[in-house]
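Have a look at the structure below, then the notes.
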Amino acid sequence: MAHAHACTDPKHHVHDGDGFVREVERACEQRGLRLTPIRANALRLIADAGRPIKAYDLLDQMKTTHDAAAPPTVYRALDFLLEQGFIHRLASINAFVGCHHPQVMHSVPFLICDRCQSAIELEDTRISALLEVQARDLGFETRAQTLEVHGLCAECRAG
């Protein structure tokens, strides 16, 4: 069933980095997890980017505040954030975006603009449920679901 709020509206998804980190800190407390300073910094930078960010761009930004930041450090932070559902990986563009509902583990489709690289997180559970049912009907057991739809966003189409 679709969410009652306007989750497909990109303006609904805007989080300031600090507010997003606070929300994830609450989720970590509830789950008995630790949001380390490196993980929190990565999360804040992802949220503040406002669009998908690549791991090495994230590393470059983290080096300004964490001298010891290295690829394994960043990838460990990203792995934790992904495993907990706090961020999403967009495989087709090899980038990461913050999850706009980090309290709830879920699969979501994304609309990705090929021109400006913006990503709109669609929060319509009917799409994920339909894929799950069709897979099950074919005897397929799903383990993960990622749907990325490419095209042009409204702003790029207008411009």
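We name chains A, B, ... following the order of the structure tokens; residues begin at 1 in each chain, and ligands are numbered from 1 as shown.
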For Gln145 (chain A), work out the shell of residues within 12 Å, counting only C-alpha atoms and skipping chain neighbours fewer than 4 positions away, then give it as a list in words.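 My list of contacting residues is His88, Arg89, Leu90, Ala91, His106, Ser107, Val108, Pro109, Phe110, Thr125, Ile127, Ser128, Ala129, Leu130, Leu131, Glu132, Ala135 and Glu141 of chain A.
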I need the residues from that last selection saved to file as a compact mmCIF listing (two decimals), in the first residue's frame (with all heavy atoms), if you can.
```
# COMPACT_ATOMS: atom_id res chain seq x y z
N HIS A 88 20.97 4.32 0.57
CA HIS A 88 20.73 3.41 -0.55
C HIS A 88 21.90 3.54 -1.52
O HIS A 88 22.46 4.63 -1.69
CB HIS A 88 19.45 3.78 -1.30
CG HIS A 88 18.22 3.68 -0.47
ND1 HIS A 88 17.67 2.48 -0.08
CD2 HIS A 88 17.41 4.64 0.04
CE1 HIS A 88 16.57 2.70 0.62
NE2 HIS A 88 16.40 4.01 0.72
N ARG A 89 22.24 2.42 -2.16
CA ARG A 89 23.26 2.43 -3.22
C ARG A 89 22.55 2.38 -4.56
O ARG A 89 21.69 1.54 -4.77
CB ARG A 89 24.19 1.24 -3.10
CG ARG A 89 25.26 1.24 -4.17
CD ARG A 89 26.27 0.11 -3.97
NE ARG A 89 27.26 0.14 -5.00
CZ ARG A 89 27.16 -0.51 -6.17
NH1 ARG A 89 26.11 -1.27 -6.40
NH2 ARG A 89 28.10 -0.43 -7.06
N LEU A 90 22.91 3.31 -5.43
CA LEU A 90 22.38 3.33 -6.78
C LEU A 90 23.44 2.70 -7.68
O LEU A 90 24.42 3.35 -8.05
CB LEU A 90 22.05 4.76 -7.21
CG LEU A 90 21.05 5.49 -6.31
CD1 LEU A 90 20.86 6.93 -6.77
CD2 LEU A 90 19.74 4.75 -6.26
N ALA A 91 23.26 1.43 -7.98
CA ALA A 91 24.27 0.65 -8.69
C ALA A 91 24.57 1.20 -10.08
O ALA A 91 25.72 1.21 -10.51
CB ALA A 91 23.83 -0.81 -8.77
N HIS A 106 13.35 -0.89 4.04
CA HIS A 106 12.46 -1.05 2.90
C HIS A 106 13.24 -1.05 1.59
O HIS A 106 14.37 -0.60 1.55
CB HIS A 106 11.41 0.07 2.89
CG HIS A 106 12.02 1.43 2.82
ND1 HIS A 106 12.49 2.09 3.92
CD2 HIS A 106 12.24 2.25 1.77
CE1 HIS A 106 12.97 3.26 3.56
NE2 HIS A 106 12.83 3.39 2.26
N SER A 107 12.61 -1.58 0.56
CA SER A 107 13.14 -1.51 -0.79
C SER A 107 12.37 -0.43 -1.52
O SER A 107 11.15 -0.36 -1.41
CB SER A 107 12.92 -2.83 -1.53
OG SER A 107 13.62 -3.87 -0.90
N VAL A 108 13.09 0.40 -2.24
CA VAL A 108 12.40 1.48 -2.96
C VAL A 108 12.97 1.62 -4.36
O VAL A 108 14.14 1.43 -4.59
CB VAL A 108 12.55 2.84 -2.23
CG1 VAL A 108 11.84 2.84 -0.91
CG2 VAL A 108 14.00 3.21 -2.05
N PRO A 109 12.09 1.95 -5.29
CA PRO A 109 12.57 2.29 -6.63
C PRO A 109 13.05 3.75 -6.65
O PRO A 109 12.58 4.57 -5.86
CB PRO A 109 11.35 2.11 -7.52
CG PRO A 109 10.21 1.77 -6.64
CD PRO A 109 10.66 1.81 -5.23
N PHE A 110 13.95 4.04 -7.55
CA PHE A 110 14.47 5.39 -7.72
C PHE A 110 14.28 5.85 -9.15
O PHE A 110 14.45 5.07 -10.09
CB PHE A 110 15.96 5.47 -7.40
CG PHE A 110 16.26 5.50 -5.94
CD1 PHE A 110 16.44 4.32 -5.24
CD2 PHE A 110 16.36 6.70 -5.26
CE1 PHE A 110 16.71 4.34 -3.88
CE2 PHE A 110 16.63 6.73 -3.91
CZ PHE A 110 16.80 5.55 -3.22
N THR A 125 5.00 1.25 -1.81
CA THR A 125 5.28 -0.17 -1.52
C THR A 125 4.60 -1.11 -2.49
O THR A 125 4.96 -2.28 -2.56
CB THR A 125 4.86 -0.51 -0.08
OG1 THR A 125 3.49 -0.19 0.10
CG2 THR A 125 5.71 0.26 0.94
N ILE A 127 4.92 -1.17 -5.65
CA ILE A 127 5.89 -1.56 -6.67
C ILE A 127 6.75 -2.71 -6.15
O ILE A 127 6.89 -3.74 -6.82
CB ILE A 127 6.76 -0.35 -7.07
CG1 ILE A 127 5.89 0.74 -7.69
CG2 ILE A 127 7.87 -0.78 -8.03
CD1 ILE A 127 6.57 2.08 -7.83
N SER A 128 7.31 -2.56 -4.96
CA SER A 128 8.13 -3.62 -4.37
C SER A 128 7.32 -4.87 -4.14
O SER A 128 7.79 -5.99 -4.39
CB SER A 128 8.75 -3.14 -3.05
OG SER A 128 9.58 -2.04 -3.28
N ALA A 129 6.09 -4.72 -3.67
CA ALA A 129 5.23 -5.88 -3.40
C ALA A 129 4.91 -6.62 -4.69
O ALA A 129 4.91 -7.86 -4.72
CB ALA A 129 3.95 -5.44 -2.70
N LEU A 130 4.64 -5.91 -5.76
CA LEU A 130 4.33 -6.54 -7.04
C LEU A 130 5.51 -7.36 -7.55
O LEU A 130 5.35 -8.50 -7.99
CB LEU A 130 3.93 -5.48 -8.08
CG LEU A 130 3.60 -6.00 -9.48
CD1 LEU A 130 2.43 -6.97 -9.44
CD2 LEU A 130 3.32 -4.84 -10.42
N LEU A 131 6.71 -6.79 -7.46
CA LEU A 131 7.90 -7.53 -7.87
C LEU A 131 8.09 -8.78 -7.02
O LEU A 131 8.42 -9.85 -7.53
CB LEU A 131 9.14 -6.64 -7.77
CG LEU A 131 9.24 -5.53 -8.81
CD1 LEU A 131 10.39 -4.59 -8.48
CD2 LEU A 131 9.43 -6.12 -10.20
N GLU A 132 7.86 -8.65 -5.72
CA GLU A 132 8.00 -9.78 -4.80
C GLU A 132 7.00 -10.89 -5.15
O GLU A 132 7.36 -12.07 -5.21
CB GLU A 132 7.79 -9.30 -3.36
CG GLU A 132 7.98 -10.36 -2.32
CD GLU A 132 9.42 -10.76 -2.12
OE1 GLU A 132 10.31 -9.92 -2.30
OE2 GLU A 132 9.66 -11.93 -1.79
N ALA A 135 7.95 -12.60 -8.46
CA ALA A 135 9.11 -13.47 -8.27
C ALA A 135 8.69 -14.77 -7.57
O ALA A 135 9.06 -15.87 -7.99
CB ALA A 135 10.18 -12.75 -7.45
N GLU A 141 13.12 -16.92 -5.02
CA GLU A 141 13.22 -16.33 -3.68
C GLU A 141 14.09 -15.08 -3.76
O GLU A 141 15.27 -15.16 -4.07
CB GLU A 141 13.86 -17.32 -2.70
CG GLU A 141 14.01 -16.76 -1.31
CD GLU A 141 14.77 -17.71 -0.39
OE1 GLU A 141 14.81 -18.91 -0.65
OE2 GLU A 141 15.35 -17.20 0.58
```
Excluding region 15-26 of chain A and any residue of its chain fewer than 3 positions from it, enumerate the residues within 9 Å of it, using only C-alpha atoms, and give them as number ranges by chain. A: 12, 29-31, 33-35, 40-41, 43-50, 86, 98, 100-103
Name all residues at most 9 Å from Ala55 (chain A) (count only C-alpha atoms; drop same-chain ones fewer than 2 positions away) and give them as a list in words. Ile53, Asp57, Leu58, Leu59, Asp60, Pro71, Val74, Tyr75, Leu78, Asn94, Ala95 and Phe96 of chain A
With N, CA, C and O atoms retained, export the selected residues as a PDB file, in the first residue's frame.
```pdb
ATOM      1  N   ILE A  53      26.024  10.653  -4.281  1.00  0.00           N
ATOM      2  CA  ILE A  53      27.453  10.970  -4.152  1.00  0.00           C
ATOM      3  C   ILE A  53      28.258   9.680  -4.268  1.00  0.00           C
ATOM      4  O   ILE A  53      27.880   8.647  -3.721  1.00  0.00           O
ATOM      5  N   ASP A  57      34.287  10.661  -3.924  1.00  0.00           N
ATOM      6  CA  ASP A  57      33.960  12.063  -3.634  1.00  0.00           C
ATOM      7  C   ASP A  57      33.703  12.229  -2.138  1.00  0.00           C
ATOM      8  O   ASP A  57      34.105  13.223  -1.530  1.00  0.00           O
ATOM      9  N   LEU A  58      33.048  11.244  -1.565  1.00  0.00           N
ATOM     10  CA  LEU A  58      32.806  11.243  -0.125  1.00  0.00           C
ATOM     11  C   LEU A  58      34.132  11.191   0.629  1.00  0.00           C
ATOM     12  O   LEU A  58      34.343  11.935   1.590  1.00  0.00           O
ATOM     13  N   LEU A  59      35.035  10.344   0.183  1.00  0.00           N
ATOM     14  CA  LEU A  59      36.364  10.235   0.804  1.00  0.00           C
ATOM     15  C   LEU A  59      37.092  11.572   0.763  1.00  0.00           C
ATOM     16  O   LEU A  59      37.657  12.009   1.776  1.00  0.00           O
ATOM     17  N   ASP A  60      37.066  12.234  -0.391  1.00  0.00           N
ATOM     18  CA  ASP A  60      37.736  13.540  -0.500  1.00  0.00           C
ATOM     19  C   ASP A  60      37.172  14.534   0.506  1.00  0.00           C
ATOM     20  O   ASP A  60      37.915  15.281   1.133  1.00  0.00           O
ATOM     21  N   PRO A  71      40.157   4.786   1.862  1.00  0.00           N
ATOM     22  CA  PRO A  71      39.079   4.015   1.223  1.00  0.00           C
ATOM     23  C   PRO A  71      38.470   2.927   2.116  1.00  0.00           C
ATOM     24  O   PRO A  71      37.237   2.857   2.216  1.00  0.00           O
ATOM     25  N   VAL A  74      36.049   4.539   4.646  1.00  0.00           N
ATOM     26  CA  VAL A  74      34.808   5.021   4.035  1.00  0.00           C
ATOM     27  C   VAL A  74      33.916   3.847   3.660  1.00  0.00           C
ATOM     28  O   VAL A  74      32.712   3.863   3.926  1.00  0.00           O
ATOM     29  N   TYR A  75      34.501   2.811   3.060  1.00  0.00           N
ATOM     30  CA  TYR A  75      33.680   1.668   2.647  1.00  0.00           C
ATOM     31  C   TYR A  75      33.093   0.921   3.837  1.00  0.00           C
ATOM     32  O   TYR A  75      31.973   0.437   3.770  1.00  0.00           O
ATOM     33  N   LEU A  78      30.155   3.058   4.835  1.00  0.00           N
ATOM     34  CA  LEU A  78      29.078   2.881   3.862  1.00  0.00           C
ATOM     35  C   LEU A  78      28.405   1.519   4.023  1.00  0.00           C
ATOM     36  O   LEU A  78      27.181   1.420   3.951  1.00  0.00           O
ATOM     37  N   ASN A  94      26.745   4.037  -9.508  1.00  0.00           N
ATOM     38  CA  ASN A  94      27.746   3.770  -8.477  1.00  0.00           C
ATOM     39  C   ASN A  94      27.843   4.917  -7.474  1.00  0.00           C
ATOM     40  O   ASN A  94      28.906   5.498  -7.268  1.00  0.00           O
ATOM     41  N   ALA A  95      26.701   5.232  -6.869  1.00  0.00           N
ATOM     42  CA  ALA A  95      26.650   6.346  -5.923  1.00  0.00           C
ATOM     43  C   ALA A  95      25.688   6.008  -4.784  1.00  0.00           C
ATOM     44  O   ALA A  95      24.964   5.010  -4.844  1.00  0.00           O
ATOM     45  N   PHE A  96      25.702   6.848  -3.758  1.00  0.00           N
ATOM     46  CA  PHE A  96      24.919   6.620  -2.551  1.00  0.00           C
ATOM     47  C   PHE A  96      24.030   7.826  -2.270  1.00  0.00           C
ATOM     48  O   PHE A  96      24.416   8.955  -2.531  1.00  0.00           O
TER      49      PHE A  96
END
```
To one decimal place, how far is CA of Arg115 (chain A) from CA of His150 (chain A) in Å?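 Distance between the two atoms: 9.8 Å.
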Run DSSP on the backbone and give me the residues of region 66-158 of chain A it puts in strand (DSSP E or B), as a ChimeraX atom specification. /A:87-90,95-98,109-113,119-121,124,147-151
Can you pull out the residues contacting Cys156 (chain A)? Cut-off 12 Å, using only C-alpha atoms, and skip same-chain residues under 5 positions away; I want them as an MDAnalysis selection string. chainID A and resid 112:118 151
Keeping all heavy atoms, export the residues of the selection given above as a tab-separated table (two decimals), in the first residue's frame.
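Here's the written file part17.tsv:
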```tsv
chain	number	residue	atom	x	y	z
A	112	ILE	N	16.13	8.29	-11.62
A	112	ILE	CA	17.44	8.92	-11.69
A	112	ILE	C	17.52	9.75	-12.97
A	112	ILE	O	17.30	9.23	-14.07
A	112	ILE	CB	18.57	7.86	-11.68
A	112	ILE	CG1	18.47	7.02	-10.40
A	112	ILE	CG2	19.93	8.52	-11.81
A	112	ILE	CD1	19.35	5.79	-10.40
A	113	CYS	N	17.83	11.02	-12.81
A	113	CYS	CA	17.96	11.91	-13.96
A	113	CYS	C	19.33	11.72	-14.60
A	113	CYS	O	20.36	11.83	-13.93
A	113	CYS	CB	17.77	13.37	-13.55
A	113	CYS	SG	17.88	14.49	-14.97
A	114	ASP	N	19.33	11.43	-15.89
A	114	ASP	CA	20.59	11.21	-16.60
A	114	ASP	C	21.36	12.49	-16.86
A	114	ASP	O	22.55	12.45	-17.14
A	114	ASP	CB	20.32	10.50	-17.94
A	114	ASP	CG	19.84	9.08	-17.74
A	114	ASP	OD1	20.28	8.42	-16.79
A	114	ASP	OD2	19.01	8.62	-18.56
A	115	ARG	N	20.70	13.63	-16.72
A	115	ARG	CA	21.39	14.91	-16.97
A	115	ARG	C	21.98	15.48	-15.69
A	115	ARG	O	23.16	15.75	-15.61
A	115	ARG	CB	20.43	15.92	-17.60
A	115	ARG	CG	21.15	17.19	-18.04
A	115	ARG	CD	20.26	18.13	-18.83
A	115	ARG	NE	19.88	17.49	-20.08
A	115	ARG	CZ	18.79	17.81	-20.77
A	115	ARG	NH1	17.98	18.76	-20.34
A	115	ARG	NH2	18.50	17.21	-21.90
A	116	CYS	N	21.17	15.66	-14.65
A	116	CYS	CA	21.66	16.31	-13.43
A	116	CYS	C	22.02	15.32	-12.32
A	116	CYS	O	22.51	15.71	-11.27
A	116	CYS	CB	20.64	17.32	-12.91
A	116	CYS	SG	19.15	16.57	-12.19
A	117	GLN	N	21.76	14.04	-12.55
A	117	GLN	CA	22.06	12.96	-11.60
A	117	GLN	C	21.25	13.03	-10.32
A	117	GLN	O	21.62	12.44	-9.31
A	117	GLN	CB	23.56	12.93	-11.25
A	117	GLN	CG	24.46	12.67	-12.44
A	117	GLN	CD	24.26	11.28	-13.03
A	117	GLN	OE1	24.52	10.30	-12.37
A	117	GLN	NE2	23.77	11.21	-14.25
A	118	SER	N	20.14	13.76	-10.31
A	118	SER	CA	19.27	13.76	-9.13
A	118	SER	C	18.61	12.39	-9.02
A	118	SER	O	18.47	11.68	-10.02
A	118	SER	CB	18.22	14.86	-9.20
A	118	SER	OG	17.32	14.61	-10.28
A	151	GLY	N	16.00	8.56	-16.78
A	151	GLY	CA	15.30	9.47	-17.69
A	151	GLY	C	15.71	10.89	-17.38
A	151	GLY	O	16.81	11.14	-16.92
```
Pick from A:Arg76, A:Val149, A:Glu155, A:Arg51 nearest to Ala119 (chain A), counting only C-alpha atoms: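 Looking only at the distances to Ala119 (chain A), the closest residue turns out to be A:Arg51.
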Choose the residue, out of A:Ile87, A:Ile120, A:Cys99, A:Ala42, that has the smallest atom-to-atom separation from Glu148 (chain A); count only C-alpha atoms.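 With only C-alpha atoms as the atom set, the closest residue is A:Ile120.
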DSSP helix (DSSP H, G or I) residues within region 12-158 of chain A, listed as a count of residues only: 72
Atomic separation - CA of Glu83 (chain A) relative to CA of Cys28 (chain A), Å: 12.1 Å
With only C-alpha atoms as the basis for distance, which of A:Ile38, A:Ile93, A:Asp67, A:Leu81 is at the shortest distance from Lys54 (chain A)?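 Closest candidate: A:Ile93.
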What is the CA of Ala69 (chain A) to CA of Tyr56 (chain A) distance in Å?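 CA of Tyr56 (chain A) lies at a distance of 10.9 Å from CA of Ala69 (chain A).
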Tell me which of A:Lys63, A:Gly32, A:Glu121, A:Pro72 sits closest to Gln84 (chain A), counting only C-alpha atoms.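 Closest to Gln84 (chain A), using only C-alpha atoms: A:Gly32.
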